[in-house]
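Trainee: One file is attached below, target.txt, containing compact mmCIF, C-alpha atoms.
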# COMPACT_ATOMS: atom_id res chain seq x y z
CA MET A 186 13.56 -74.54 11.83
CA VAL A 187 11.34 -76.19 14.45
CA ALA A 188 8.39 -73.99 13.45
CA LEU A 189 9.01 -74.78 9.81
CA THR A 190 9.17 -78.52 10.52
CA ARG A 191 5.98 -78.42 12.54
CA GLY A 192 4.23 -76.46 9.83
CA PHE A 193 5.40 -78.93 7.21
CA LEU A 194 4.23 -81.91 9.27
CA SER A 195 0.91 -80.26 10.03
CA GLY A 196 0.33 -79.63 6.34
CA ALA A 197 1.38 -83.17 5.49
CA ILE A 198 -0.99 -84.65 8.06
CA SER A 199 -3.86 -82.54 6.74
CA SER A 200 -3.03 -83.69 3.23
CA LEU A 201 -2.93 -87.33 4.30
CA VAL A 202 -6.27 -87.04 6.07
CA ALA A 203 -7.78 -85.40 3.00
CA SER A 204 -6.34 -88.11 0.74
CA GLY A 205 -7.65 -90.81 3.03
CA LEU A 206 -11.05 -89.17 3.04
CA GLN A 207 -11.10 -88.99 -0.74
CA SER A 208 -10.26 -92.70 -0.97
CA LEU A 209 -12.95 -93.51 1.55
CA GLY A 210 -15.46 -91.43 -0.39
CA THR A 211 -14.61 -93.30 -3.58
CA THR A 212 -14.98 -96.63 -1.77
CA ILE A 213 -18.33 -95.66 -0.29
CA LYS A 214 -19.66 -94.52 -3.66
CA GLY A 215 -18.38 -97.58 -5.48
CA THR A 216 -19.25 -100.32 -2.99
CA TYR A 217 -22.96 -99.80 -2.39
CA ASN A 218 -25.81 -99.86 -4.86
CA CYS A 219 -28.04 -96.91 -5.82
CA SER A 220 -30.70 -97.75 -3.24
CA MET A 221 -28.15 -96.86 -0.59
CA ALA A 222 -27.39 -93.44 -2.11
CA ASP A 223 -28.84 -91.35 0.74
CA THR A 224 -27.16 -93.47 3.41
CA ASN A 225 -23.86 -93.29 1.54
CA GLN A 226 -24.05 -89.50 1.31
CA SER A 227 -24.84 -89.16 5.03
CA LEU A 228 -21.95 -91.46 5.93
CA LEU A 229 -19.60 -89.57 3.67
CA LYS A 230 -20.63 -86.19 5.11
CA ALA A 231 -20.21 -87.44 8.69
CA THR A 232 -16.78 -88.83 7.80
CA MET A 233 -15.78 -85.47 6.35
CA VAL A 234 -16.63 -83.69 9.61
CA VAL A 235 -14.78 -86.27 11.76
CA ALA A 236 -11.78 -86.08 9.44
CA GLY A 237 -11.69 -82.34 10.05
CA GLY A 238 -11.52 -83.05 13.79
CA LEU A 239 -8.71 -85.58 13.36
CA SER A 240 -6.74 -83.22 11.18
CA GLY A 241 -7.11 -80.46 13.77
CA GLY A 242 -6.16 -82.71 16.68
CA ILE A 243 -3.08 -84.17 15.03
CA SER A 244 -1.92 -80.79 13.77
CA VAL A 245 -2.22 -79.21 17.22
CA THR A 246 -0.40 -82.15 18.83
CA ILE A 247 2.52 -81.76 16.43
CA ALA A 248 2.65 -78.09 17.34
CA GLY A 249 2.90 -79.03 21.02
CA GLY A 250 -0.75 -78.53 21.98
CA ASN A 251 -3.58 -80.67 23.33
CA PHE A 252 -4.96 -83.21 20.85
CA TRP A 253 -8.54 -83.02 22.11
CA GLN A 254 -8.61 -79.24 22.02
CA GLY A 255 -7.42 -79.36 18.42
CA PHE A 256 -9.86 -82.16 17.61
CA LYS A 257 -12.77 -80.16 19.03
CA GLN A 258 -11.78 -77.02 17.15
CA GLY A 259 -11.25 -78.98 13.93
CA LEU A 260 -14.62 -80.65 14.37
CA ILE A 261 -16.39 -77.32 14.87
CA THR A 262 -14.66 -75.68 11.92
CA SER A 263 -15.30 -78.65 9.64
CA GLY A 264 -18.94 -78.83 10.74
CA LEU A 265 -19.54 -75.13 10.16
CA ASN A 266 -17.91 -75.29 6.74
CA HIS A 267 -20.08 -78.27 5.87
CA VAL A 268 -23.28 -76.52 7.00
CA ALA A 269 -22.36 -73.39 5.02
CA HIS A 270 -21.65 -75.53 1.95
CA MET A 271 -25.01 -77.29 2.33
CA ALA A 272 -26.82 -73.94 2.59
CA VAL A 273 -25.21 -72.66 -0.60
CA GLU A 274 -25.96 -75.95 -2.38
CA ALA A 275 -29.61 -75.81 -1.31
CA ILE A 276 -30.07 -72.25 -2.54
CA GLU A 277 -28.35 -72.94 -5.85
CA GLU A 278 -30.22 -76.20 -6.39
CA ASN A 279 -33.57 -74.47 -5.93
CA ASN A 280 -32.76 -71.28 -7.84
CA PHE A 281 -35.32 -71.13 -10.65
CA PHE A 282 -33.55 -68.23 -12.37
CA ARG A 283 -30.15 -69.94 -12.41
CA LYS A 284 -31.70 -73.12 -13.76
CA ARG A 285 -33.40 -71.27 -16.61
CA LEU A 286 -30.17 -69.45 -17.51
CA ASN A 287 -28.12 -72.66 -17.37
CA GLU A 288 -30.60 -74.47 -19.61
CA HIS A 289 -30.93 -71.60 -22.08
CA TYR A 290 -27.20 -71.14 -22.60
CA ASN A 291 -26.16 -74.71 -21.80
CA ASP A 292 -23.37 -73.03 -19.85
CA LYS A 293 -23.31 -72.80 -16.06
CA THR A 294 -20.92 -69.83 -16.06
CA VAL A 295 -23.20 -67.35 -17.87
CA ALA A 296 -25.39 -66.65 -14.83
CA ASP A 297 -22.49 -65.00 -13.02
CA LYS A 298 -21.22 -62.97 -15.98
CA PRO A 299 -22.10 -59.37 -16.99
CA VAL A 300 -24.77 -58.78 -19.63
CA THR A 301 -25.56 -56.18 -22.28
CA GLU A 302 -28.85 -54.41 -22.98
CA ASP A 303 -29.75 -57.15 -25.49
CA PHE A 304 -30.28 -59.43 -22.48
CA LEU A 305 -33.74 -57.87 -22.11
CA THR A 306 -34.84 -59.80 -25.20
CA VAL A 307 -33.41 -63.03 -23.78
CA LEU A 308 -35.52 -62.61 -20.64
CA GLU A 309 -38.66 -62.23 -22.74
CA GLU A 310 -37.88 -65.68 -24.17
CA LEU A 311 -36.91 -67.19 -20.82
CA PHE A 312 -40.05 -66.05 -18.99
CA PRO A 313 -42.76 -65.70 -21.67
CA ASP A 314 -45.67 -66.34 -19.30
CA ILE A 315 -44.95 -63.44 -16.97
CA TYR A 316 -43.80 -61.23 -19.84
CA ALA A 317 -47.16 -61.66 -21.61
CA THR A 318 -48.97 -60.21 -18.59
CA THR A 319 -46.82 -57.04 -18.44
CA ALA A 320 -46.89 -53.75 -20.36
CA GLN A 321 -43.95 -55.24 -22.34
CA ASN A 322 -41.97 -52.04 -21.95
CA PHE A 323 -38.59 -52.81 -20.34
CA ALA A 324 -35.42 -50.71 -20.66
CA ILE A 325 -32.10 -49.99 -18.99
CA ALA A 326 -32.34 -46.68 -17.13
CA ASN A 327 -30.57 -43.68 -18.66
CA GLU A 328 -30.89 -39.92 -18.24
CA ASP A 329 -33.53 -39.55 -20.97
CA ASN A 330 -35.94 -42.36 -20.09
CA LEU A 331 -35.54 -41.63 -16.39
CA LYS A 332 -36.53 -38.00 -16.94
CA SER A 333 -39.62 -39.16 -18.84
CA PHE A 334 -40.42 -41.67 -16.11
CA ASN A 335 -40.26 -39.01 -13.38
CA GLU A 336 -42.36 -36.54 -15.35
CA GLN A 337 -45.05 -39.14 -15.91
CA THR A 338 -45.10 -40.60 -12.40
CA GLY A 339 -44.19 -37.59 -10.27
CA ASP A 340 -41.26 -39.54 -8.76
CA ASN A 341 -37.75 -38.17 -8.39
CA TYR A 342 -35.45 -41.06 -9.24
CA ARG A 343 -31.93 -40.27 -10.40
CA LEU A 344 -28.89 -42.15 -11.62
CA ASP A 345 -26.28 -42.44 -8.87
CA GLY A 346 -23.37 -43.88 -10.80
CA LYS A 347 -24.89 -47.07 -12.20
CA SER A 348 -27.58 -47.28 -9.54
CA LEU A 349 -31.12 -45.94 -9.41
CA ALA A 350 -31.77 -43.86 -6.32
CA ASN A 351 -34.17 -41.46 -4.62
CA GLU A 352 -34.44 -40.02 -1.13
CA ASP A 353 -35.17 -43.50 0.27
CA GLY A 354 -32.01 -45.08 -1.12
CA LYS A 355 -30.87 -47.22 -4.04
CA VAL A 356 -33.01 -49.73 -5.94
CA GLY A 357 -32.40 -52.26 -8.69
CA GLY A 358 -35.43 -51.38 -10.78
CA ILE A 359 -38.59 -49.25 -10.90
CA THR A 360 -42.05 -49.74 -12.39
CA SER A 361 -44.57 -47.06 -13.25
CA MET A 362 -48.01 -47.76 -11.85
CA SER A 363 -49.37 -45.33 -14.44
CA ASP A 364 -48.49 -47.34 -17.55
CA GLY A 365 -46.54 -50.42 -16.39
CA ARG A 366 -43.21 -49.42 -17.92
CA VAL A 367 -40.06 -50.79 -16.26
CA LEU A 368 -36.56 -49.34 -15.92
CA ILE A 369 -33.66 -51.50 -14.70
CA ALA A 370 -30.60 -49.96 -13.02
CA PRO A 371 -27.36 -50.35 -15.05
CA SER A 372 -25.77 -51.81 -11.90
CA ARG A 373 -27.89 -54.95 -12.30
CA MET A 374 -26.06 -55.73 -15.53
CA ARG A 375 -23.11 -57.00 -13.45
CA THR A 376 -24.52 -60.53 -13.56
CA ALA A 377 -27.21 -62.25 -15.60
CA LEU A 378 -28.59 -63.87 -12.44
CA GLY A 379 -29.05 -60.58 -10.58
CA PHE A 380 -30.54 -58.94 -13.66
CA ALA A 381 -32.99 -61.80 -14.22
CA LYS A 382 -34.29 -61.64 -10.66
CA THR A 383 -34.71 -57.84 -10.79
CA TRP A 384 -36.43 -58.09 -14.18
CA TYR A 385 -38.86 -60.71 -12.86
CA HIS A 386 -39.55 -58.67 -9.73
CA GLU A 387 -40.45 -55.61 -11.78
CA ALA A 388 -42.45 -57.74 -14.22
CA ILE A 389 -44.72 -58.71 -11.33
CA HIS A 390 -45.32 -55.03 -10.56
CA SER A 391 -46.06 -54.35 -14.22
CA SER A 392 -48.52 -57.24 -14.38
CA HIS A 393 -50.31 -55.82 -11.33
CA PHE A 394 -50.88 -52.60 -13.28
CA VAL A 395 -51.90 -54.27 -16.55
CA SER A 396 -54.34 -56.66 -14.87
CA GLY A 397 -56.02 -53.80 -13.01
CA ILE A 398 -55.52 -55.44 -9.62
CA PHE A 399 -53.27 -52.58 -8.47
CA ASN A 400 -56.10 -50.09 -9.02
CA VAL A 401 -58.41 -52.34 -7.01
CA TRP A 402 -55.92 -52.31 -4.12
CA ASP A 403 -55.48 -48.56 -4.51
CA ASN A 404 -59.23 -47.94 -4.28
CA MET A 405 -59.67 -50.29 -1.34
CA TYR A 406 -56.62 -49.48 0.78
CA GLY A 407 -55.02 -46.31 -0.59
CA ARG A 408 -51.86 -45.85 -2.66
CA THR A 409 -49.31 -46.50 0.13
CA GLU A 410 -50.84 -49.83 1.11
CA ALA A 411 -51.38 -50.79 -2.55
CA LEU A 412 -47.67 -50.32 -3.19
CA ARG A 413 -46.84 -52.41 -0.13
CA ILE A 414 -49.10 -55.20 -1.38
CA SER A 415 -47.42 -55.17 -4.80
CA GLU A 416 -43.97 -55.22 -3.16
CA PHE A 417 -45.08 -58.06 -0.89
CA PHE A 418 -45.96 -60.23 -3.86
CA ALA A 419 -42.93 -59.20 -5.95
CA HIS A 420 -40.42 -59.89 -3.17
CA GLY A 421 -42.21 -63.01 -1.98
CA ILE A 422 -42.43 -64.63 -5.40
CA THR A 423 -38.91 -63.80 -6.61
CA ASP A 424 -37.28 -64.77 -3.30
CA SER A 425 -39.21 -68.03 -3.26
CA LEU A 426 -38.15 -68.81 -6.82
CA SER A 427 -34.56 -68.03 -5.86
CA GLY A 428 -34.65 -70.61 -3.07
CA ALA A 429 -33.99 -67.92 -0.45
CA ASN A 430 -34.91 -68.14 3.23
CA MET A 431 -38.41 -66.64 3.24
CA LYS A 432 -38.10 -65.59 6.88
CA LEU A 433 -35.53 -63.06 5.71
CA SER A 434 -37.46 -61.92 2.65
CA ASP A 435 -38.47 -58.26 2.43
CA ALA A 436 -41.96 -59.59 1.74
CA PHE A 437 -42.28 -60.33 5.46
CA THR A 438 -39.64 -58.10 7.07
CA THR A 439 -40.48 -54.85 5.25
CA TYR A 440 -43.61 -54.99 3.10
CA TYR A 441 -46.03 -57.26 4.93
CA PRO A 442 -49.45 -55.62 4.16
CA ASN A 443 -51.51 -55.80 7.34
CA ALA A 444 -54.70 -54.20 6.00
CA PHE A 445 -54.72 -56.46 2.96
CA THR A 446 -54.09 -59.72 4.83
CA ASN A 447 -56.52 -58.84 7.60
CA SER A 448 -59.26 -58.12 5.05
CA ILE A 449 -58.72 -61.57 3.54
CA LEU A 450 -58.50 -63.42 6.86
CA PHE A 451 -61.66 -61.84 8.23
CA MET A 452 -63.61 -61.57 5.00
CA LYS A 453 -67.22 -62.67 5.41
Take the structure from the file and write it as structure tokens.
Mentor:
Amino acid sequence: MVALTRGFLSGAISSLVASGLQSLGTTIKGTYNCSMADTNQSLLKATMVVAGGLSGGISVTIAGGNFWQGFKQGLITSGLNHVAHMAVEAIEENNFFRKRLNEHYNDKTVADKPVTEDFLTVLEELFPDIYATTAQNFAIANEDNLKSFNEQTGDNYRLDGKSLANEDGKVGGITSMSDGRVLIAPSRMRTALGFAKTWYHEAIHSSHFVSGIFNVWDNMYGRTEALRISEFFAHGITDSLSGANMKLSDAFTTYYPNAFTNSILFMK
């Protein structure tokens, strides 16, 4: 009974703190004019973190513990949650692909829903500029077109469930540097957002073939380095457009092309 009572009181206190915070937030938003918007938001965010500390301290005290220990733990937890929330907000706010999908469908839920093969046509409309520079040959991978792809390129990709795979592992899409055709793994159809990013990534590869720049890289640096350069640009551009942390992008962690960048930096 004591444990139940303490749990009830702890929950009640947390609820009261949250309610008080909500009222304070409403007051802050309603009292000051628009020129104070940034200050208001900072004040509100700081209040949220402190409220988390108070809730933790009071709850621990009710349970028979030390208020300041609970306050400190509540403060840390609230602060970490706030930072995580800010990170997610920043990525979503700067996600070019999500914005395009939201605007096209006028529905913010579509980006996270599965798609059908017809979605390929939608992407042509969403990203006409990049599409115009490609071989304009996009398809969902299946046994037939994958066999043709391998015969033409000399690769050995296979379908592993709904994923595309070879001896190096699984990938979301593949592009032939012999004719610019693109195959997307069926697994990428799980969400419109994931599909759009993979499509755009492969479109960059295809445009490198169509423009002839890939052959230039191939002649100058060899096929392995040319592929790394193409991957560098494809990962770098799509990750940047997604609002991702570029320090973690494969463009710099996996595919950074030393020969290419050195030739540019020291070009006379």
Trainee: Separation of CA of Asn404 in chain A and CA of Tyr342 in chain A, in Å?
Mentor: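 Computing the Euclidean distance for CA of Asn404 in chain A and CA of Tyr342 in chain A yields 25.2 Å.
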Trainee: In Å, with one decimal, what is the gap from CA of Tyr385 in chain A to CA of Phe312 in chain A?
Mentor: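 So the two atoms, CA of Tyr385 in chain A and CA of Phe312 in chain A, lie 8.2 Å apart.
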Trainee: Please provide the set of residues having any atom within 12 Å of Ile414 in chain A, restricted to all atoms listed in the file, with same-chain residues fewer than 5 positions apart removed, written as a list in words.
Mentor: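 Everything that qualifies: Ile389, His390, His393, Ile398, Phe399, Asn400, Val401, Trp402, Asp403, Met405, Tyr406, Gly407, Arg408, Thr409, Ala419, His420, Gly421, Asp435, Ala436, Phe437, Thr439, Tyr440, Tyr441, Pro442, Asn443, Ala444, Phe445 and Thr446 of chain A.
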Trainee: Okay, now the selection with C-alpha atoms, as a PDB file, in the coordinates of the input?
Mentor:
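See out.pdb below for the written result:
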ATOM      1  CA  ILE A 389     -44.720 -58.710 -11.330  1.00  0.00           C
ATOM      2  CA  HIS A 390     -45.320 -55.030 -10.560  1.00  0.00           C
ATOM      3  CA  HIS A 393     -50.310 -55.820 -11.330  1.00  0.00           C
ATOM      4  CA  ILE A 398     -55.520 -55.440  -9.620  1.00  0.00           C
ATOM      5  CA  PHE A 399     -53.270 -52.580  -8.470  1.00  0.00           C
ATOM      6  CA  ASN A 400     -56.100 -50.090  -9.020  1.00  0.00           C
ATOM      7  CA  VAL A 401     -58.410 -52.340  -7.010  1.00  0.00           C
ATOM      8  CA  TRP A 402     -55.920 -52.310  -4.120  1.00  0.00           C
ATOM      9  CA  ASP A 403     -55.480 -48.560  -4.510  1.00  0.00           C
ATOM     10  CA  MET A 405     -59.670 -50.290  -1.340  1.00  0.00           C
ATOM     11  CA  TYR A 406     -56.620 -49.480   0.780  1.00  0.00           C
ATOM     12  CA  GLY A 407     -55.020 -46.310  -0.590  1.00  0.00           C
ATOM     13  CA  ARG A 408     -51.860 -45.850  -2.660  1.00  0.00           C
ATOM     14  CA  THR A 409     -49.310 -46.500   0.130  1.00  0.00           C
ATOM     15  CA  ALA A 419     -42.930 -59.200  -5.950  1.00  0.00           C
ATOM     16  CA  HIS A 420     -40.420 -59.890  -3.170  1.00  0.00           C
ATOM     17  CA  GLY A 421     -42.210 -63.010  -1.980  1.00  0.00           C
ATOM     18  CA  ASP A 435     -38.470 -58.260   2.430  1.00  0.00           C
ATOM     19  CA  ALA A 436     -41.960 -59.590   1.740  1.00  0.00           C
ATOM     20  CA  PHE A 437     -42.280 -60.330   5.460  1.00  0.00           C
ATOM     21  CA  THR A 439     -40.480 -54.850   5.250  1.00  0.00           C
ATOM     22  CA  TYR A 440     -43.610 -54.990   3.100  1.00  0.00           C
ATOM     23  CA  TYR A 441     -46.030 -57.260   4.930  1.00  0.00           C
ATOM     24  CA  PRO A 442     -49.450 -55.620   4.160  1.00  0.00           C
ATOM     25  CA  ASN A 443     -51.510 -55.800   7.340  1.00  0.00           C
ATOM     26  CA  ALA A 444     -54.700 -54.200   6.000  1.00  0.00           C
ATOM     27  CA  PHE A 445     -54.720 -56.460   2.960  1.00  0.00           C
ATOM     28  CA  THR A 446     -54.090 -59.720   4.830  1.00  0.00           C
TER      29      THR A 446
END
Trainee: Distance CA of Pro299 in chain A-CA of Met374 in chain A, one decimal place?
Mentor: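 Straight-line distance from CA of Pro299 in chain A to CA of Met374 in chain A works out to 5.6 Å.
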Trainee: Looking at only C-alpha atoms, which of A:Leu311, A:Leu368, A:Ala324, A:Leu378 is the one that sits closest to Lys293 in chain A?
Mentor: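 Checking each of A:Leu311, A:Leu368, A:Ala324, A:Leu378 against Lys293 in chain A, counting only C-alpha atoms, the winner is A:Leu378.
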